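Below is the file data.txt, which contains compact mmCIF, C-alpha atoms.
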```txt
# COMPACT_ATOMS: atom_id res chain seq x y z
CA MET Y 1 -17.74 47.64 21.42
CA ASP Y 2 -21.14 49.24 20.79
CA LEU Y 3 -20.53 49.12 17.03
CA ILE Y 4 -19.37 45.49 17.18
CA LEU Y 5 -22.42 44.48 19.21
CA LYS Y 6 -24.65 46.38 16.79
CA GLY Y 7 -23.04 44.52 13.88
CA ILE Y 8 -23.52 41.13 15.58
CA VAL Y 9 -27.17 41.85 16.43
CA THR Y 10 -27.87 43.14 12.90
CA GLY Y 11 -26.16 40.09 11.40
CA PHE Y 12 -28.26 37.79 13.57
CA ILE Y 13 -31.50 39.52 12.58
CA LEU Y 14 -30.60 39.35 8.89
CA SER Y 15 -29.63 35.68 9.20
CA ILE Y 16 -33.13 34.61 10.28
CA MET Y 17 -34.69 36.13 7.17
CA VAL Y 18 -36.18 33.37 5.03
CA GLY Y 19 -35.69 33.59 1.28
CA PRO Y 20 -34.76 31.46 -1.74
CA VAL Y 21 -31.13 31.16 -0.59
CA PHE Y 22 -32.23 29.65 2.73
CA PHE Y 23 -34.12 26.80 1.05
CA VAL Y 24 -31.39 26.18 -1.53
CA LEU Y 25 -28.74 25.93 1.23
CA LEU Y 26 -31.01 23.62 3.23
CA GLU Y 27 -31.63 21.33 0.26
CA THR Y 28 -27.97 21.34 -0.80
CA SER Y 29 -26.82 20.40 2.71
CA ILE Y 30 -29.28 17.50 2.91
CA ARG Y 31 -28.73 16.21 -0.63
CA LYS Y 32 -25.07 16.89 -1.35
CA GLY Y 33 -23.55 17.29 2.09
CA VAL Y 34 -22.12 20.00 4.31
CA LYS Y 35 -19.10 20.81 2.10
CA ALA Y 36 -21.30 21.39 -0.93
CA ALA Y 37 -23.60 23.74 1.01
CA ILE Y 38 -20.60 25.67 2.39
CA ALA Y 39 -19.23 26.06 -1.16
CA MET Y 40 -22.56 27.54 -2.24
CA ASP Y 41 -22.72 29.79 0.81
CA ILE Y 42 -19.26 31.15 0.01
CA GLY Y 43 -20.63 32.16 -3.39
CA VAL Y 44 -23.52 33.93 -1.65
CA LEU Y 45 -21.04 35.67 0.65
CA VAL Y 46 -18.97 36.88 -2.32
CA SER Y 47 -22.08 38.28 -4.01
CA ASP Y 48 -23.00 40.10 -0.79
CA ILE Y 49 -19.52 41.65 -0.69
CA ILE Y 50 -19.92 42.79 -4.31
CA TYR Y 51 -23.28 44.39 -3.50
CA ILE Y 52 -21.86 45.96 -0.34
CA ILE Y 53 -19.10 47.63 -2.37
CA ILE Y 54 -21.66 48.98 -4.86
CA ALA Y 55 -23.96 50.11 -2.02
CA PHE Y 56 -21.02 51.79 -0.26
CA VAL Y 57 -20.24 53.84 -3.38
CA PHE Y 58 -23.91 54.89 -3.49
CA TYR Y 59 -23.79 55.58 0.26
CA SER Y 60 -20.67 57.76 -0.08
CA GLN Y 61 -22.23 59.80 -2.88
CA VAL Y 62 -25.36 60.46 -0.84
CA ALA Y 63 -23.21 61.27 2.19
CA GLY Y 64 -21.47 63.89 0.08
CA LEU Y 65 -24.77 65.74 -0.24
CA SER Y 66 -24.73 66.34 3.52
CA LYS Y 67 -22.67 69.15 4.95
CA GLY Y 68 -19.92 68.18 7.37
CA HIS Y 69 -20.90 65.08 9.32
CA ASP Y 70 -24.65 65.56 9.13
CA ASN Y 71 -26.17 62.16 8.27
CA SER Y 72 -29.81 63.24 8.46
CA LEU Y 73 -30.41 62.65 4.75
CA LEU Y 74 -28.82 59.20 4.94
CA ARG Y 75 -30.97 58.23 7.89
CA LEU Y 76 -34.15 59.40 6.16
CA ILE Y 77 -33.35 57.37 3.03
CA GLY Y 78 -32.27 54.31 5.02
CA GLY Y 79 -35.31 54.58 7.27
CA THR Y 80 -37.65 54.78 4.28
CA LEU Y 81 -36.04 51.68 2.75
CA PHE Y 82 -36.30 49.80 6.04
CA LEU Y 83 -39.96 50.81 6.31
CA ALA Y 84 -40.64 49.42 2.85
CA TYR Y 85 -38.79 46.14 3.64
CA GLY Y 86 -40.59 45.84 6.95
CA ILE Y 87 -44.07 46.25 5.47
CA TYR Y 88 -43.19 43.88 2.61
CA ASN Y 89 -41.91 41.17 5.00
CA PHE Y 90 -44.87 41.51 7.33
CA PHE Y 91 -47.46 40.98 4.59
CA LYS Y 92 -45.39 38.64 2.39
CA LYS Y 93 -47.25 35.43 1.60
CA VAL Y 94 -45.50 32.20 2.49
CA LYS Y 95 -45.62 29.45 -0.12
CA GLU Y 96 -45.35 25.77 0.72
CA THR Y 97 -41.78 24.86 -0.21
CA LYS Y 98 -40.68 21.25 -0.50
CA VAL Y 99 -37.04 20.37 0.02
CA ASN Y 100 -35.80 17.41 -1.98
CA THR Y 101 -34.07 15.01 0.44
CA LYS Y 102 -32.97 12.46 -2.17
CA LEU Y 103 -29.21 11.97 -1.90
CA ASP Y 104 -27.02 12.81 -4.89
CA ALA Y 105 -23.72 11.30 -5.91
CA THR Y 106 -20.51 12.54 -4.30
CA THR Y 107 -19.68 16.10 -5.40
CA THR Y 108 -16.42 16.58 -7.31
CA ALA Y 109 -14.00 19.51 -7.03
CA ALA Y 110 -15.51 21.03 -10.18
CA GLY Y 111 -18.94 20.51 -8.63
CA TYR Y 112 -17.99 22.60 -5.61
CA VAL Y 113 -16.91 25.44 -7.90
CA ILE Y 114 -20.19 25.21 -9.82
CA LEU Y 115 -22.13 25.32 -6.55
CA GLY Y 116 -20.18 28.41 -5.50
CA ILE Y 117 -21.04 30.10 -8.80
CA LYS Y 118 -24.68 29.04 -8.36
CA GLY Y 119 -24.77 30.70 -4.93
CA LEU Y 120 -23.13 33.82 -6.37
CA LEU Y 121 -25.63 34.13 -9.21
CA LEU Y 122 -28.61 33.26 -7.02
CA ASN Y 123 -27.94 36.30 -4.85
CA LEU Y 124 -26.84 38.57 -7.70
CA MET Y 125 -30.16 38.02 -9.47
CA ASN Y 126 -31.80 40.32 -6.93
CA PRO Y 127 -30.47 43.87 -7.58
CA LEU Y 128 -32.65 45.22 -4.74
CA VAL Y 129 -30.01 43.77 -2.39
CA ILE Y 130 -27.94 46.92 -3.12
CA PHE Y 131 -30.58 49.14 -1.51
CA TYR Y 132 -31.04 46.59 1.24
CA TRP Y 133 -27.35 46.89 2.20
CA PHE Y 134 -27.53 50.67 1.87
CA SER Y 135 -30.29 50.75 4.49
CA VAL Y 136 -28.20 48.50 6.74
CA MET Y 137 -25.26 50.90 6.41
CA THR Y 138 -27.32 53.78 7.75
CA LEU Y 139 -27.50 51.93 11.07
CA GLY Y 140 -23.71 52.09 11.32
CA THR Y 141 -23.19 55.72 10.38
CA GLY Y 142 -20.83 57.63 12.62
CA ASP Y 143 -20.03 61.25 13.27
CA THR Y 144 -16.24 61.03 13.51
CA ASP Y 145 -13.41 61.30 11.03
CA ASP Y 146 -12.82 57.53 11.15
CA SER Y 147 -16.44 56.78 10.23
CA ASN Y 148 -15.35 54.80 7.14
CA VAL Y 149 -13.15 52.56 9.29
CA LYS Y 150 -16.03 52.02 11.70
CA MET Y 151 -18.37 51.28 8.80
CA VAL Y 152 -16.01 48.55 7.53
CA LEU Y 153 -15.77 47.07 11.04
CA TYR Y 154 -19.56 47.15 11.35
CA LEU Y 155 -20.06 45.41 7.99
CA VAL Y 156 -17.38 42.80 8.75
CA CYS Y 157 -19.16 41.96 12.03
CA ILE Y 158 -22.45 41.59 10.14
CA LEU Y 159 -20.93 39.31 7.48
CA VAL Y 160 -19.06 37.15 10.01
CA THR Y 161 -22.21 36.74 12.12
CA PHE Y 162 -24.33 36.12 9.02
CA PHE Y 163 -21.94 33.48 7.63
CA SER Y 164 -21.46 31.80 11.04
CA ILE Y 165 -25.21 31.33 11.50
CA ASP Y 166 -25.48 30.07 7.92
CA LEU Y 167 -22.92 27.40 8.87
CA LEU Y 168 -25.08 26.41 11.84
CA LYS Y 169 -28.07 26.13 9.48
CA ILE Y 170 -26.03 23.97 7.11
CA PHE Y 171 -24.73 21.62 9.82
CA GLY Y 172 -28.18 21.31 11.38
CA ALA Y 173 -30.14 21.11 8.11
CA LYS Y 174 -31.61 17.66 8.72
CA LYS Y 175 -32.81 18.60 12.21
CA LEU Y 176 -33.95 22.03 11.05
CA ARG Y 177 -36.03 20.78 8.12
CA PRO Y 178 -39.06 19.51 10.19
CA LEU Y 179 -39.30 22.94 11.84
CA VAL Y 180 -39.62 24.79 8.53
CA THR Y 181 -43.40 24.96 8.38
CA THR Y 182 -45.63 27.58 6.78
CA LYS Y 183 -46.73 28.76 10.23
CA VAL Y 184 -43.14 29.22 11.46
CA LEU Y 185 -42.06 30.99 8.26
CA ARG Y 186 -45.04 33.35 8.45
CA ALA Y 187 -44.20 34.17 12.08
CA LEU Y 188 -40.55 34.85 11.16
CA ASN Y 189 -41.58 37.14 8.31
CA ARG Y 190 -43.83 39.14 10.62
CA LEU Y 191 -41.14 39.33 13.30
CA ILE Y 192 -38.58 40.62 10.78
CA GLY Y 193 -41.17 43.06 9.44
CA ILE Y 194 -41.82 44.50 12.90
CA ILE Y 195 -38.08 44.77 13.63
CA PHE Y 196 -37.44 46.54 10.30
CA VAL Y 197 -40.29 48.97 10.92
CA GLY Y 198 -38.75 49.65 14.35
CA PHE Y 199 -35.39 50.41 12.70
CA ALA Y 200 -37.21 52.64 10.21
CA ILE Y 201 -38.97 54.66 12.90
CA VAL Y 202 -35.68 55.27 14.75
CA LEU Y 203 -33.77 56.28 11.60
CA ILE Y 204 -36.54 58.52 10.24
CA ALA Y 205 -36.98 60.19 13.65
CA GLN Y 206 -33.21 60.80 13.86
CA GLY Y 207 -33.21 62.20 10.32
CA ILE Y 208 -36.12 64.57 10.99
CA VAL Y 209 -34.61 65.78 14.27
CA GLY Y 210 -31.29 66.34 12.51
CA LEU Y 211 -32.90 68.42 9.74
CA VAL Y 212 -35.04 70.44 12.15
CA THR Y 213 -32.13 71.27 14.48
CA LYS Y 214 -29.71 71.91 11.61
```
Turn this file's structure into structure tokens for me.
Amino acid sequence: MDLILKGIVTGFILSIMVGPVFFVLLETSIRKGVKAAIAMDIGVLVSDIIYIIIAFVFYSQVAGLSKGHDNSLLRLIGGTLFLAYGIYNFFKKVKETKVNTKLDATTTAAGYVILGIKGLLLNLMNPLVIFYWFSVMTLGTGDTDDSNVKMVLYLVCILVTFFSIDLLKIFGAKKLRPLVTTKVLRALNRLIGIIFVGFAIVLIAQGIVGLVTK
């Protein structure tokens, strides 16, 4: 239960991060409708799964450098990455982004596929997402023989939570749009930055303690 709750909370925190995908989903929902935005979000989800698989391979290789079940090295690396993300988000400048609300024609079946591919490519264009997911994985590291099973459960909880909240954003796009102001976005960035730095401090402290007491 602790791991499931951790996955849900992590998924919620990640879902309130504001980036290019957020605005594209918002605009697509308003202009082309809910189904079109969901098709695009599925593409984003698939790209996240691809990056998670790549990050997991990287994670497993680094884990192999640790003896037995000692995850100190993993926690230090993940904590450092979280620290970098946290500082970046806190000081990231927010640009005024306009969402086009002009309605388009009805989307065809082929159009839904194209939107899915667009969502896939939009997320794949940022290779740093691999390291981002690696740092998230360090939060779900376990010290038992079934740690891989628990990691999969943890990641599934994150993705389900993440996708569910994306659906809420899509369905409430028209009501959400007036709230997306520069001031609100700046506050969200700083909140995420502080949370990430908090994660970083915990992971780095755990890693240092693990190495010292090794």
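Atom to atom, atom CA of Y:Ser29 and atom CA of Y:Thr107 stand 11.6 Å apart.
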- request: Please indicate the distance in Å from atom CA of Y:Thr182 to atom CA of Y:Arg31, rounded to one decimal place.
  value: 21.7 Å
query: What gap, in Å, lies between atom CA of Y:Met125 and atom CA of Y:Leu191?
result: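 About the pair atom CA of Y:Met125 and atom CA of Y:Leu191: they are 25.3 Å apart.
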message: I need the residue nearest Y:Leu159 from this list: Y:Ile204, Y:Val24, Y:Gly33, Y:Asp41. Use all atoms listed in the file for the distance.
response: Y:Asp41
Among the residues Y:Phe162, Y:Phe23, Y:Phe196, Y:Phe58, the one that comes closest to Y:Leu122 [using all atoms listed in the file]: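 With all atoms listed in the file as the atom set, the closest residue is Y:Phe23.
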Selection near stretch 167-172 of chain Y, 8 Å with all atoms listed in the file, sequence-local residues under 6 positions removed, as a ChimeraX atom specification: /Y:25-26,29,34,37-38
Once you count all atoms listed in the file, which residues end up no further than 12 Å from (-20.9, 32.7, -2.9) in the file's frame, shown as an mmCIF file with C-alpha atoms, keeping the file's coordinate frame?
```
data_model
loop_
_atom_site.group_PDB
_atom_site.id
_atom_site.type_symbol
_atom_site.label_atom_id
_atom_site.label_comp_id
_atom_site.auth_asym_id
_atom_site.auth_seq_id
_atom_site.Cartn_x
_atom_site.Cartn_y
_atom_site.Cartn_z
ATOM 1 C CA VAL Y 21 -31.130 31.160 -0.590
ATOM 2 C CA LEU Y 25 -28.740 25.930 1.230
ATOM 3 C CA ALA Y 36 -21.300 21.390 -0.930
ATOM 4 C CA ALA Y 37 -23.600 23.740 1.010
ATOM 5 C CA ILE Y 38 -20.600 25.670 2.390
ATOM 6 C CA ALA Y 39 -19.230 26.060 -1.160
ATOM 7 C CA MET Y 40 -22.560 27.540 -2.240
ATOM 8 C CA ASP Y 41 -22.720 29.790 0.810
ATOM 9 C CA ILE Y 42 -19.260 31.150 0.010
ATOM 10 C CA GLY Y 43 -20.630 32.160 -3.390
ATOM 11 C CA VAL Y 44 -23.520 33.930 -1.650
ATOM 12 C CA LEU Y 45 -21.040 35.670 0.650
ATOM 13 C CA VAL Y 46 -18.970 36.880 -2.320
ATOM 14 C CA SER Y 47 -22.080 38.280 -4.010
ATOM 15 C CA ASP Y 48 -23.000 40.100 -0.790
ATOM 16 C CA ILE Y 49 -19.520 41.650 -0.690
ATOM 17 C CA ILE Y 50 -19.920 42.790 -4.310
ATOM 18 C CA TYR Y 51 -23.280 44.390 -3.500
ATOM 19 C CA TYR Y 112 -17.990 22.600 -5.610
ATOM 20 C CA VAL Y 113 -16.910 25.440 -7.900
ATOM 21 C CA ILE Y 114 -20.190 25.210 -9.820
ATOM 22 C CA LEU Y 115 -22.130 25.320 -6.550
ATOM 23 C CA GLY Y 116 -20.180 28.410 -5.500
ATOM 24 C CA ILE Y 117 -21.040 30.100 -8.800
ATOM 25 C CA LYS Y 118 -24.680 29.040 -8.360
ATOM 26 C CA GLY Y 119 -24.770 30.700 -4.930
ATOM 27 C CA LEU Y 120 -23.130 33.820 -6.370
ATOM 28 C CA LEU Y 121 -25.630 34.130 -9.210
ATOM 29 C CA LEU Y 122 -28.610 33.260 -7.020
ATOM 30 C CA ASN Y 123 -27.940 36.300 -4.850
ATOM 31 C CA LEU Y 124 -26.840 38.570 -7.700
ATOM 32 C CA PHE Y 163 -21.940 33.480 7.630
#
```
query: Y:Ile52: which residues within 10 Å, counting all atoms listed in the file, same-chain residues fewer than 5 positions away excluded, as an MDAnalysis selection string?
result: chainID Y and resid 46:47 57:59 129:134 136:137 155
message: Neighbouring residues of Y:Ala84 were defined as those with any atom within 10 Å, considering only C-alpha atoms; residues of the same chain fewer than 5 positions away were excluded. Please report them as a ChimeraX atom specification.
response: /Y:78-79,89,193,196-197,200
field: Nearest to Y:Thr80, chosen from Y:Leu139, Y:Ile201, Y:Val152, Y:Ile192, with only C-alpha atoms counted in the distances
entry: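 For Y:Thr80, the nearest of the given residues is Y:Ile201.
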- request: Mind listing whatever residues come within 12 Å of the point (-43.1, 32.0, 10.2)? Use only C-alpha atoms, file coordinates, and give them as a list in words.
  value: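 Residues with an atom close enough to that point: Ile16, Met17, Val18, Gly19, Asn89, Phe90, Phe91, Lys92, Lys93, Val94, Lys95, Glu96, Leu179, Val180, Thr181, Thr182, Lys183, Val184, Leu185, Arg186, Ala187, Leu188, Asn189, Arg190, Leu191, Ile192 and Gly193 of chain Y.
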Those residues you just picked out, can you put them in a file as a PDB file, in the frame of the given file with C-alpha atoms?
```pdb
ATOM      1  CA  ILE Y  16     -33.130  34.610  10.280  1.00  0.00           C
ATOM      2  CA  MET Y  17     -34.690  36.130   7.170  1.00  0.00           C
ATOM      3  CA  VAL Y  18     -36.180  33.370   5.030  1.00  0.00           C
ATOM      4  CA  GLY Y  19     -35.690  33.590   1.280  1.00  0.00           C
ATOM      5  CA  ASN Y  89     -41.910  41.170   5.000  1.00  0.00           C
ATOM      6  CA  PHE Y  90     -44.870  41.510   7.330  1.00  0.00           C
ATOM      7  CA  PHE Y  91     -47.460  40.980   4.590  1.00  0.00           C
ATOM      8  CA  LYS Y  92     -45.390  38.640   2.390  1.00  0.00           C
ATOM      9  CA  LYS Y  93     -47.250  35.430   1.600  1.00  0.00           C
ATOM     10  CA  VAL Y  94     -45.500  32.200   2.490  1.00  0.00           C
ATOM     11  CA  LYS Y  95     -45.620  29.450  -0.120  1.00  0.00           C
ATOM     12  CA  GLU Y  96     -45.350  25.770   0.720  1.00  0.00           C
ATOM     13  CA  LEU Y 179     -39.300  22.940  11.840  1.00  0.00           C
ATOM     14  CA  VAL Y 180     -39.620  24.790   8.530  1.00  0.00           C
ATOM     15  CA  THR Y 181     -43.400  24.960   8.380  1.00  0.00           C
ATOM     16  CA  THR Y 182     -45.630  27.580   6.780  1.00  0.00           C
ATOM     17  CA  LYS Y 183     -46.730  28.760  10.230  1.00  0.00           C
ATOM     18  CA  VAL Y 184     -43.140  29.220  11.460  1.00  0.00           C
ATOM     19  CA  LEU Y 185     -42.060  30.990   8.260  1.00  0.00           C
ATOM     20  CA  ARG Y 186     -45.040  33.350   8.450  1.00  0.00           C
ATOM     21  CA  ALA Y 187     -44.200  34.170  12.080  1.00  0.00           C
ATOM     22  CA  LEU Y 188     -40.550  34.850  11.160  1.00  0.00           C
ATOM     23  CA  ASN Y 189     -41.580  37.140   8.310  1.00  0.00           C
ATOM     24  CA  ARG Y 190     -43.830  39.140  10.620  1.00  0.00           C
ATOM     25  CA  LEU Y 191     -41.140  39.330  13.300  1.00  0.00           C
ATOM     26  CA  ILE Y 192     -38.580  40.620  10.780  1.00  0.00           C
ATOM     27  CA  GLY Y 193     -41.170  43.060   9.440  1.00  0.00           C
TER      28      GLY Y 193
END
```
